[in-house]
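Novice: Dumping the structure here so I can ask a few things about it.
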Amino acid sequence: MAPESRRDSTSRTAPIRQPGAACILIVEDEQIVARDLQTGLRAGGYFVPTPSGSAEEGLRDTEHYRPDLILLDIGLGGAEDGIALAHRIKSRWDIPIVFATAYSDEPTLQRAKDVGPAGYILKPFDNREVRTVVEMALYKHRLDKALRLSEARYRLLFQRSPVGIVHFGTDMAITEVNDRFADILGAPADSLLHMPVSRVFDHAVHGILLSALRGEPGRYSGRLRRHMDKGEVTVSIRTAPLHDGVRNTIGAVAIVEDVTEQLRVEEALIRRIALENLIAGAAARLINAEDGKLARELQHTLDEVGTFVDADRCFVDLFDASRTSVDTTHEWAAPGVAVKGATHRGTPLSRWRWAMARLDAGEQICLHSVMDLPPEAAEDARFWREDGARSLLLLPLAALHRLFGVFGIVVEKRERFWPGEDLRLLGLLGEVLGGVLARDRSNAALQKSEERYRRITGEITDYIYSVHLQNGHWSETIHGPGCTAVTGYAQEDYHADPHLWLKMVDDRDRPGVIEHVKRVLAGEPAPPIEHRILRKDGKVRWVKNTPVLHFTPDGTLQSYDGLVQDVTERVLAEHALKSSEERYRLLVENLNDVVFSLDCAGRFTYVSHRIETLTGYTPDEVVGQTFESFVHPDDLPGLAKNWEQTLAGKFSEYQFRILTKAGCELLIRTSSRVHYVDGRVESATGILTPAAQRQNSRQGNHSAKKKDPVQ
């Protein structure tokens, strides 16, 4: 923040650089020529410091001023000429250089061209010509810099895109691919360049590639063979034409998204929904089974579960009253698999000693392979090997915390992995089975079982629904058991009124929900939507609805499932945070003082709108500048010292004069504090306050007066 203090050969004091004025550095060893150039450029509104007379001075002044443009004499005297100096400057800084020369011979011009100058001016000079060349060079440099920045941003977005992108020309040759596309295809990116795009994609995709070159976007979803026989992936492909400035098609772009994992998740969700429905239906039938019909319902449940999980046998084993032996009471076997109930009849529980200890503790026994049993379970392992089991799942059947049997699932043909979600849902079924079987032994046990089941279902905070379509309209909606906990309405309420879900949507959100439903029914991608509902008890709750669409092979929307989650607490917390931030912003913007923040280099990163009332400068004109651009030159040394104290962590106030946009001096007082990140100064915040107009009150204070900002 040190002020400009260099002396000027053409005036007593170098002028103050006005905000927005470009800095032009002249490097010329002929003083008269340099002075004429300086005078002419200053008359054009540029900030022109004292010209440099040699290559050494030019390099030093470039380091000091970091000018916006350098006017450099090719025939510079000394150890190196202007062209050599230009090479040194270009190697360190991105500064446009305009060569001034009296030479026009071909070798000299060729050396100058190698630098890549922004322009030339020939001696003797015409001031208007000089200013024109300088202005064009500055303008071109700004455009080139903006273009490079734009290209860099595009390249970064292109390469870091989470989807694959490929560009190809009208000749179908690939011109550009990003890393994600190469990763999806399983081939190095360089190997794909210039390859015909028709060789990259399967024949089924060729139609939308050609359509894009005809100016028509296209879509494709399906399997895609990876490069070099590396298998297949499921992808979603969108194509679009690329146009030049007059709408001529010059190529096309294909955006490729690997949806393999998405489909896996959707399939897992569908499977989970199916298993949930199976468990819920089985539980309802078992609980509501009339006297004498429980055995039939239990046999039907074993059949459904065994078939769904692709098991070989499912069974229920119950212990005798003394818990010394076990009998198989119900069993299901897959086609071609022999029933083994007879081998379990009267089996001493001493052969299950290891398993009994865990079942008594309420644990599930899940063995992906019977060979995984520990050495202390040698007797258990021997029994299950004799039983023909290779993979095993045993779920405890208990009532009133007392184990009285097991629900078992056996796979004989192979070892298999049991998904955690299957274990959770089958565990719920095991609890229901335990309660239902205990009901036959005791009415008290039945009541306890029903209370536990209601407690399990009542704690569900989200639920799944399914919508079946006919002729593009919903024909049936099935809501999962958890709907009551979220909405207050039971499944039969939704069955009685198919439009109940839409009716309970809050009036403020209904248009958005209707539009979301239209998108879903049109088969368009529909992200999750959050909205308010009115529960049956009259309370307003926020829910998040996540739909998953299902299509027929010809692309027709057949049905969709969804997950409804109660997100009220999160939404209310977000609204409270937003309200707090808005109150803070209003407080800052309505203060009479100016609130500002600086980066570690002293540049403004934020300033409140009060600055315009005090100085005439808008916040946009101040952000990015330093105090040096606005402070009276005589007060800059003191301000620089105060800034050093602030960076050292010392809190102090300082009064100084600033020059308003109208050219007036305004006495203000400032105080600021620094903020540290990992022990290093990252930024500072402070307040500017108009000071009382007192003379000689402290160092750096002066009476406010009208003056010319350029001395």
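Numbering starts fresh at 1 for the residues of each chain in the structure tokens, the chains themselves are lettered A, B, ... in the order given, and ligands are numbered from 1 as they appear.
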Any chance you could list, as an MDAnalysis selection string, the residues in stretch 48-115 of chain A that come up alpha helix (DSSP H) when DSSP is run on the backbone?
Specialist: chainID A and resid 55:65 82:92 106:115
Novice: Tell me, as a ChimeraX atom specification, which residues lie within 12 Å of stretch 263-273 of chain A, counting only C-alpha atoms; anything in the same chain fewer than 2 positions away does not count.
Specialist: /A:221-223,233-236,257-261,275-281,308-309,419-426,463-466,478-481,546-550,559-563
Novice: Let's have the selection written as a compact mmCIF listing (two decimals), in the first residue's frame, with N, CA and C atoms.
Specialist:
```txt
# COMPACT_ATOMS: atom_id res chain seq x y z
N SER A 221 -31.14 -44.59 -25.03
CA SER A 221 -30.84 -45.25 -23.76
C SER A 221 -30.72 -46.74 -24.04
N GLY A 222 -29.64 -47.32 -23.55
CA GLY A 222 -29.46 -48.75 -23.78
C GLY A 222 -28.03 -49.18 -23.49
N ARG A 223 -27.67 -50.34 -23.97
CA ARG A 223 -26.36 -50.90 -23.72
C ARG A 223 -25.34 -50.35 -24.72
N VAL A 233 -21.71 -51.29 -20.81
CA VAL A 233 -22.27 -50.39 -19.81
C VAL A 233 -23.64 -49.94 -20.33
N THR A 234 -24.49 -49.56 -19.41
CA THR A 234 -25.78 -48.99 -19.78
C THR A 234 -25.64 -47.47 -19.78
N VAL A 235 -26.01 -46.84 -20.89
CA VAL A 235 -25.77 -45.41 -21.04
C VAL A 235 -27.05 -44.69 -21.46
N SER A 236 -27.01 -43.39 -21.21
CA SER A 236 -28.02 -42.48 -21.74
C SER A 236 -27.27 -41.48 -22.61
N GLU A 257 -23.85 -40.48 -20.60
CA GLU A 257 -23.89 -40.66 -19.15
C GLU A 257 -23.99 -42.15 -18.84
N ASP A 258 -23.07 -42.64 -18.01
CA ASP A 258 -23.10 -44.03 -17.59
C ASP A 258 -24.16 -44.18 -16.50
N VAL A 259 -25.26 -44.84 -16.83
CA VAL A 259 -26.37 -44.99 -15.89
C VAL A 259 -26.43 -46.42 -15.33
N THR A 260 -25.32 -47.15 -15.47
CA THR A 260 -25.30 -48.52 -14.96
C THR A 260 -25.61 -48.55 -13.47
N GLU A 261 -24.92 -47.70 -12.72
CA GLU A 261 -25.14 -47.68 -11.28
C GLU A 261 -26.54 -47.19 -10.95
N LEU A 275 -39.87 -56.87 -1.98
CA LEU A 275 -39.68 -57.64 -0.76
C LEU A 275 -40.45 -57.02 0.41
N GLU A 276 -40.46 -55.67 0.46
CA GLU A 276 -41.24 -55.01 1.50
C GLU A 276 -42.73 -55.35 1.37
N ASN A 277 -43.22 -55.32 0.13
CA ASN A 277 -44.63 -55.66 -0.08
C ASN A 277 -44.90 -57.12 0.29
N LEU A 278 -43.93 -57.98 -0.09
CA LEU A 278 -44.10 -59.40 0.26
C LEU A 278 -44.16 -59.57 1.78
N ILE A 279 -43.19 -58.94 2.49
CA ILE A 279 -43.14 -59.07 3.94
C ILE A 279 -44.38 -58.47 4.58
N ALA A 280 -44.76 -57.26 4.08
CA ALA A 280 -45.94 -56.61 4.66
C ALA A 280 -47.19 -57.45 4.44
N GLY A 281 -47.34 -57.99 3.22
CA GLY A 281 -48.51 -58.81 2.93
C GLY A 281 -48.52 -60.09 3.75
N PHE A 308 -38.62 -65.99 -3.59
CA PHE A 308 -38.11 -64.64 -3.82
C PHE A 308 -36.59 -64.57 -3.61
N VAL A 309 -36.07 -65.19 -2.54
CA VAL A 309 -34.64 -65.09 -2.24
C VAL A 309 -33.84 -66.19 -2.93
N PRO A 419 -27.73 -59.84 1.15
CA PRO A 419 -27.71 -58.38 1.25
C PRO A 419 -28.24 -57.91 2.61
N GLY A 420 -27.68 -56.84 3.11
CA GLY A 420 -28.08 -56.31 4.40
C GLY A 420 -29.55 -55.93 4.46
N GLU A 421 -30.10 -55.41 3.33
CA GLU A 421 -31.51 -55.02 3.32
C GLU A 421 -32.40 -56.25 3.42
N ASP A 422 -31.99 -57.36 2.79
CA ASP A 422 -32.75 -58.60 2.92
C ASP A 422 -32.76 -59.07 4.37
N LEU A 423 -31.59 -58.97 5.01
CA LEU A 423 -31.51 -59.40 6.41
C LEU A 423 -32.41 -58.57 7.30
N ARG A 424 -32.46 -57.27 7.03
CA ARG A 424 -33.30 -56.40 7.86
C ARG A 424 -34.77 -56.75 7.70
N LEU A 425 -35.21 -56.89 6.44
CA LEU A 425 -36.63 -57.16 6.20
C LEU A 425 -37.01 -58.58 6.64
N LEU A 426 -36.14 -59.55 6.40
CA LEU A 426 -36.43 -60.90 6.86
C LEU A 426 -36.43 -60.96 8.39
N TYR A 463 -41.74 -43.60 3.35
CA TYR A 463 -42.40 -44.78 2.78
C TYR A 463 -42.33 -44.73 1.27
N ILE A 464 -42.65 -45.86 0.68
CA ILE A 464 -42.56 -46.02 -0.77
C ILE A 464 -43.97 -46.18 -1.34
N TYR A 465 -44.18 -45.57 -2.51
CA TYR A 465 -45.47 -45.72 -3.19
C TYR A 465 -45.23 -46.17 -4.63
N SER A 466 -46.26 -46.72 -5.26
CA SER A 466 -46.19 -47.15 -6.66
C SER A 466 -47.41 -46.62 -7.39
N ILE A 478 -50.57 -47.22 -5.03
CA ILE A 478 -50.41 -48.07 -3.84
C ILE A 478 -49.40 -47.39 -2.92
N HIS A 479 -49.83 -47.07 -1.70
CA HIS A 479 -48.96 -46.43 -0.72
C HIS A 479 -48.50 -47.46 0.31
N GLY A 480 -47.20 -47.42 0.67
CA GLY A 480 -46.64 -48.35 1.62
C GLY A 480 -47.19 -48.14 3.03
N PRO A 481 -46.94 -49.11 3.94
CA PRO A 481 -47.48 -49.02 5.30
C PRO A 481 -47.03 -47.77 6.05
N THR A 546 -39.26 -38.46 -4.31
CA THR A 546 -38.27 -38.87 -5.30
C THR A 546 -38.87 -39.95 -6.20
N PRO A 547 -39.22 -39.60 -7.47
CA PRO A 547 -39.82 -40.59 -8.36
C PRO A 547 -38.78 -41.40 -9.14
N VAL A 548 -39.11 -42.65 -9.45
CA VAL A 548 -38.28 -43.52 -10.29
C VAL A 548 -39.18 -44.06 -11.39
N LEU A 549 -38.89 -43.71 -12.67
CA LEU A 549 -39.76 -44.04 -13.80
C LEU A 549 -39.40 -45.40 -14.39
N HIS A 550 -40.45 -46.12 -14.89
CA HIS A 550 -40.24 -47.41 -15.52
C HIS A 550 -40.93 -47.42 -16.89
N SER A 559 -45.13 -47.22 -15.48
CA SER A 559 -45.43 -46.97 -14.07
C SER A 559 -44.27 -46.20 -13.47
N TYR A 560 -44.45 -45.77 -12.25
CA TYR A 560 -43.33 -45.19 -11.53
C TYR A 560 -43.51 -45.41 -10.04
N ASP A 561 -42.37 -45.57 -9.37
CA ASP A 561 -42.34 -45.71 -7.92
C ASP A 561 -41.73 -44.45 -7.33
N GLY A 562 -41.85 -44.30 -6.06
CA GLY A 562 -41.27 -43.12 -5.43
C GLY A 562 -41.07 -43.32 -3.95
N LEU A 563 -40.20 -42.49 -3.41
CA LEU A 563 -39.92 -42.48 -1.98
C LEU A 563 -40.36 -41.14 -1.42
```
Novice: Would you kindly return, as a PyMOL selection string, each protein, DNA or RNA residue with an atom no farther than 9 Å from any atom of stretch 61-71 of chain A, considering only C-alpha atoms and excluding same-chain residues fewer than 3 positions away?
Specialist: chain A and resi 22-28+49+51-52+56-58+89+93+95-100+134+137-138
Novice: Got time to write the residues from that selection, C-alpha atoms, as a PDB file, in the first residue's frame?
Specialist:
```
ATOM      1  CA  ALA A  22      -4.393   2.500 -18.137  1.00  0.00           C
ATOM      2  CA  CYS A  23      -0.694   2.660 -17.216  1.00  0.00           C
ATOM      3  CA  ILE A  24       1.678   3.071 -20.210  1.00  0.00           C
ATOM      4  CA  LEU A  25       5.414   2.577 -19.616  1.00  0.00           C
ATOM      5  CA  ILE A  26       7.754   4.238 -22.168  1.00  0.00           C
ATOM      6  CA  VAL A  27      11.210   2.690 -22.651  1.00  0.00           C
ATOM      7  CA  GLU A  28      13.150   5.132 -24.862  1.00  0.00           C
ATOM      8  CA  PRO A  49       5.239   7.411 -15.286  1.00  0.00           C
ATOM      9  CA  PRO A  51      10.126   7.014 -19.078  1.00  0.00           C
ATOM     10  CA  SER A  52      12.863   4.392 -18.708  1.00  0.00           C
ATOM     11  CA  GLU A  56      17.844  -2.202 -17.003  1.00  0.00           C
ATOM     12  CA  GLU A  57      15.521   0.667 -16.072  1.00  0.00           C
ATOM     13  CA  GLY A  58      12.784  -0.753 -18.274  1.00  0.00           C
ATOM     14  CA  ILE A  89       9.552  -9.096 -20.288  1.00  0.00           C
ATOM     15  CA  TRP A  93       4.647 -11.013 -17.594  1.00  0.00           C
ATOM     16  CA  ILE A  95       1.986  -7.334 -20.957  1.00  0.00           C
ATOM     17  CA  PRO A  96       1.357  -6.140 -24.540  1.00  0.00           C
ATOM     18  CA  ILE A  97       4.339  -4.437 -26.187  1.00  0.00           C
ATOM     19  CA  VAL A  98       4.194  -1.823 -28.957  1.00  0.00           C
ATOM     20  CA  PHE A  99       7.538  -1.333 -30.736  1.00  0.00           C
ATOM     21  CA  ALA A 100       8.678   2.154 -31.645  1.00  0.00           C
ATOM     22  CA  VAL A 134      -1.965   2.125 -28.086  1.00  0.00           C
ATOM     23  CA  ALA A 137      -3.303  -2.741 -28.617  1.00  0.00           C
ATOM     24  CA  LEU A 138      -4.951  -2.392 -25.189  1.00  0.00           C
TER      25      LEU A 138
END
```
Novice: What does the structure give for the distance between atom CA of A:Glu304 and atom CA of A:Ile287, in Å to one decimal?
Specialist: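 Computing it gives 16.4 Å between the two atoms.
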Novice: Which of stretch 371-527 of chain A end up as strand (DSSP E) when DSSP is run on this backbone - answer as a PyMOL selection string?
Specialist: chain A and resi 391-399+402-411+462-470+473-479
Novice: Using N, CA and C atoms, can you export the residues from the last selection as a compact mmCIF listing (two decimals), in the first residue's frame?
Specialist:
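Contents of out.txt, as written:
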```txt
# COMPACT_ATOMS: atom_id res chain seq x y z
N SER A 391 -24.99 -72.50 2.35
CA SER A 391 -25.19 -71.14 2.84
C SER A 391 -26.43 -71.16 3.72
N LEU A 392 -26.39 -70.36 4.83
CA LEU A 392 -27.41 -70.54 5.86
C LEU A 392 -27.79 -69.21 6.50
N LEU A 393 -29.10 -69.07 6.77
CA LEU A 393 -29.61 -67.92 7.51
C LEU A 393 -30.58 -68.44 8.57
N LEU A 394 -30.29 -68.14 9.85
CA LEU A 394 -31.15 -68.54 10.96
C LEU A 394 -31.61 -67.28 11.70
N LEU A 395 -32.94 -67.13 11.85
CA LEU A 395 -33.53 -65.97 12.52
C LEU A 395 -34.24 -66.44 13.78
N PRO A 396 -34.02 -65.78 14.90
CA PRO A 396 -34.63 -66.24 16.15
C PRO A 396 -36.14 -66.01 16.17
N LEU A 397 -36.87 -66.97 16.71
CA LEU A 397 -38.30 -66.82 16.99
C LEU A 397 -38.44 -66.75 18.50
N ALA A 398 -38.94 -65.60 18.98
CA ALA A 398 -38.99 -65.40 20.43
C ALA A 398 -40.28 -64.71 20.80
N ALA A 399 -40.67 -64.87 22.05
CA ALA A 399 -41.82 -64.17 22.61
C ALA A 399 -41.49 -63.85 24.06
N ARG A 402 -38.06 -64.64 25.20
CA ARG A 402 -37.67 -66.04 25.37
C ARG A 402 -37.67 -66.73 24.01
N LEU A 403 -36.51 -67.31 23.67
CA LEU A 403 -36.34 -68.00 22.39
C LEU A 403 -37.09 -69.33 22.43
N PHE A 404 -37.94 -69.58 21.41
CA PHE A 404 -38.65 -70.86 21.37
C PHE A 404 -38.54 -71.55 20.02
N GLY A 405 -37.78 -70.98 19.05
CA GLY A 405 -37.61 -71.64 17.77
C GLY A 405 -36.77 -70.81 16.82
N VAL A 406 -36.63 -71.30 15.57
CA VAL A 406 -35.85 -70.58 14.55
C VAL A 406 -36.61 -70.62 13.23
N PHE A 407 -36.42 -69.53 12.46
CA PHE A 407 -36.89 -69.46 11.07
C PHE A 407 -35.63 -69.57 10.22
N GLY A 408 -35.52 -70.64 9.41
CA GLY A 408 -34.29 -70.89 8.68
C GLY A 408 -34.46 -70.87 7.18
N ILE A 409 -33.42 -70.41 6.48
CA ILE A 409 -33.36 -70.42 5.01
C ILE A 409 -32.03 -71.07 4.63
N VAL A 410 -32.08 -72.08 3.74
CA VAL A 410 -30.89 -72.84 3.36
C VAL A 410 -30.70 -72.79 1.86
N VAL A 411 -29.44 -72.60 1.43
CA VAL A 411 -29.06 -72.73 0.02
C VAL A 411 -28.09 -73.91 -0.07
N ASP A 462 -40.34 -42.63 6.51
CA ASP A 462 -40.56 -42.44 5.09
C ASP A 462 -41.23 -43.70 4.54
N TYR A 463 -41.74 -43.60 3.35
CA TYR A 463 -42.40 -44.78 2.78
C TYR A 463 -42.33 -44.73 1.27
N ILE A 464 -42.65 -45.86 0.68
CA ILE A 464 -42.56 -46.02 -0.77
C ILE A 464 -43.97 -46.18 -1.34
N TYR A 465 -44.18 -45.57 -2.51
CA TYR A 465 -45.47 -45.72 -3.19
C TYR A 465 -45.23 -46.17 -4.63
N SER A 466 -46.26 -46.72 -5.26
CA SER A 466 -46.19 -47.15 -6.66
C SER A 466 -47.41 -46.62 -7.39
N VAL A 467 -47.19 -46.14 -8.62
CA VAL A 467 -48.28 -45.61 -9.44
C VAL A 467 -48.29 -46.38 -10.76
N HIS A 468 -49.43 -47.00 -11.09
CA HIS A 468 -49.59 -47.71 -12.35
C HIS A 468 -50.39 -46.83 -13.32
N LEU A 469 -49.96 -46.84 -14.59
CA LEU A 469 -50.55 -45.94 -15.59
C LEU A 469 -51.34 -46.73 -16.62
N GLN A 470 -52.33 -46.04 -17.19
CA GLN A 470 -53.11 -46.60 -18.29
C GLN A 470 -53.46 -45.45 -19.23
N HIS A 473 -52.41 -41.95 -18.01
CA HIS A 473 -52.98 -41.43 -16.77
C HIS A 473 -52.88 -42.50 -15.70
N TRP A 474 -52.80 -42.05 -14.41
CA TRP A 474 -52.69 -43.04 -13.37
C TRP A 474 -54.00 -43.79 -13.20
N SER A 475 -53.86 -45.09 -13.02
CA SER A 475 -55.03 -45.94 -12.85
C SER A 475 -55.10 -46.52 -11.45
N GLU A 476 -53.94 -46.60 -10.78
CA GLU A 476 -53.92 -47.16 -9.43
C GLU A 476 -52.71 -46.63 -8.69
N THR A 477 -52.87 -46.28 -7.42
CA THR A 477 -51.77 -45.82 -6.58
C THR A 477 -51.74 -46.66 -5.31
N ILE A 478 -50.57 -47.22 -5.03
CA ILE A 478 -50.41 -48.07 -3.84
C ILE A 478 -49.40 -47.39 -2.92
N HIS A 479 -49.83 -47.07 -1.70
CA HIS A 479 -48.96 -46.43 -0.72
C HIS A 479 -48.50 -47.46 0.31
```
Novice: Can you pull out the residues contacting stretch 167-182 of chain A? Cut-off 12 Å, using only C-alpha atoms, and skip same-chain residues under 6 positions away; I want them as a ChimeraX atom specification.
Specialist: /A:154-161,188-201,206,209-215,226-227,235,237,239-243,248-258
Novice: Considering only C-alpha atoms, return as a list of chain:residue names whatever protein or nucleic-acid residues lie within 10 Å of A:Trp501, sequence-local ones (same chain, fewer than 6 positions apart) excluded.
Specialist: A:Thr477, A:His479, A:Thr487, A:Tyr489, A:Asp493, A:Tyr494, A:Ile533, A:Leu534
Novice: Take the residues from that selection and put them in a file with N, CA and C atoms, as an mmCIF file, in the first residue's frame.
Specialist:
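Once everything was written out, this is out_28.cif:
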```cif
data_model
loop_
_atom_site.group_PDB
_atom_site.id
_atom_site.type_symbol
_atom_site.label_atom_id
_atom_site.label_comp_id
_atom_site.auth_asym_id
_atom_site.auth_seq_id
_atom_site.Cartn_x
_atom_site.Cartn_y
_atom_site.Cartn_z
ATOM 1 N N THR A 477 -52.867 -46.281 -7.422
ATOM 2 C CA THR A 477 -51.772 -45.819 -6.580
ATOM 3 C C THR A 477 -51.743 -46.662 -5.315
ATOM 4 N N HIS A 479 -49.827 -47.072 -1.704
ATOM 5 C CA HIS A 479 -48.960 -46.431 -0.718
ATOM 6 C C HIS A 479 -48.504 -47.461 0.306
ATOM 7 N N THR A 487 -48.117 -38.963 6.772
ATOM 8 C CA THR A 487 -49.244 -38.111 6.360
ATOM 9 C C THR A 487 -50.437 -38.165 7.298
ATOM 10 N N TYR A 489 -52.715 -40.334 7.095
ATOM 11 C CA TYR A 489 -53.742 -41.116 6.399
ATOM 12 C C TYR A 489 -53.286 -42.575 6.273
ATOM 13 N N ASP A 493 -57.311 -45.149 3.181
ATOM 14 C CA ASP A 493 -57.753 -43.797 2.798
ATOM 15 C C ASP A 493 -57.329 -43.491 1.365
ATOM 16 N N TYR A 494 -56.102 -43.850 1.021
ATOM 17 C CA TYR A 494 -55.624 -43.600 -0.338
ATOM 18 C C TYR A 494 -56.331 -44.503 -1.344
ATOM 19 N N ILE A 533 -47.365 -30.472 2.725
ATOM 20 C CA ILE A 533 -48.630 -31.200 2.724
ATOM 21 C C ILE A 533 -49.385 -30.857 4.003
ATOM 22 N N LEU A 534 -50.682 -31.051 3.970
ATOM 23 C CA LEU A 534 -51.531 -30.866 5.143
ATOM 24 C C LEU A 534 -51.910 -32.258 5.650
#
```
Novice: Show which residues sit within 7 Å of A:His344, as a list in words. Count only C-alpha atoms, and ignore same-chain residues fewer than 6 positions away.
Specialist: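 Result of the neighbour search: Val326, Asp327 and Thr328 of chain A.
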Novice: Would you mind exporting the chosen residues as a PDB file, in the first residue's frame, restricted to C-alpha atoms?
Specialist:
```
ATOM      1  CA  VAL A 326     -35.973 -79.352  18.135  1.00  0.00           C
ATOM      2  CA  ASP A 327     -38.620 -80.404  15.577  1.00  0.00           C
ATOM      3  CA  THR A 328     -39.386 -79.059  12.096  1.00  0.00           C
TER       4      THR A 328
END
```
Novice: Which one of A:Ile32, A:Pro124, A:Lys340, A:Gly119 sits closest to A:Ala389 if you count only C-alpha atoms?
Specialist: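 Closest candidate: A:Lys340.
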Novice: State, in Å with one decimal place, the distance from atom CA of A:Trp542 to atom CA of A:Asp566.
Specialist: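 Value for the atom CA of A:Trp542-atom CA of A:Asp566 distance: 6.1 Å.
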Novice: Which one of A:Pro162, A:Gly75, A:Gly292, A:Gly555 sits closest to A:Leu122 if you count only C-alpha atoms?
Specialist: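 Among the listed residues, the smallest separation from A:Leu122 belongs to A:Gly75.
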Novice: Which polymer residues have any atom within 9 Å of an atom of A:Thr324, counting only C-alpha atoms, with same-chain residues fewer than 6 positions away left out, as a PyMOL selection string?
Specialist: chain A and resi 346-350
Novice: Between atom CA of A:Gln625 and atom CA of A:Lys661, what is the distance, to one decimal in Å?
Specialist: 14.2 Å
Novice: Counting only C-alpha atoms, figure out which residue out of A:His401, A:Lys113, A:His87, A:Arg238 gets nearest to A:Tyr220.
Specialist: A:Arg238
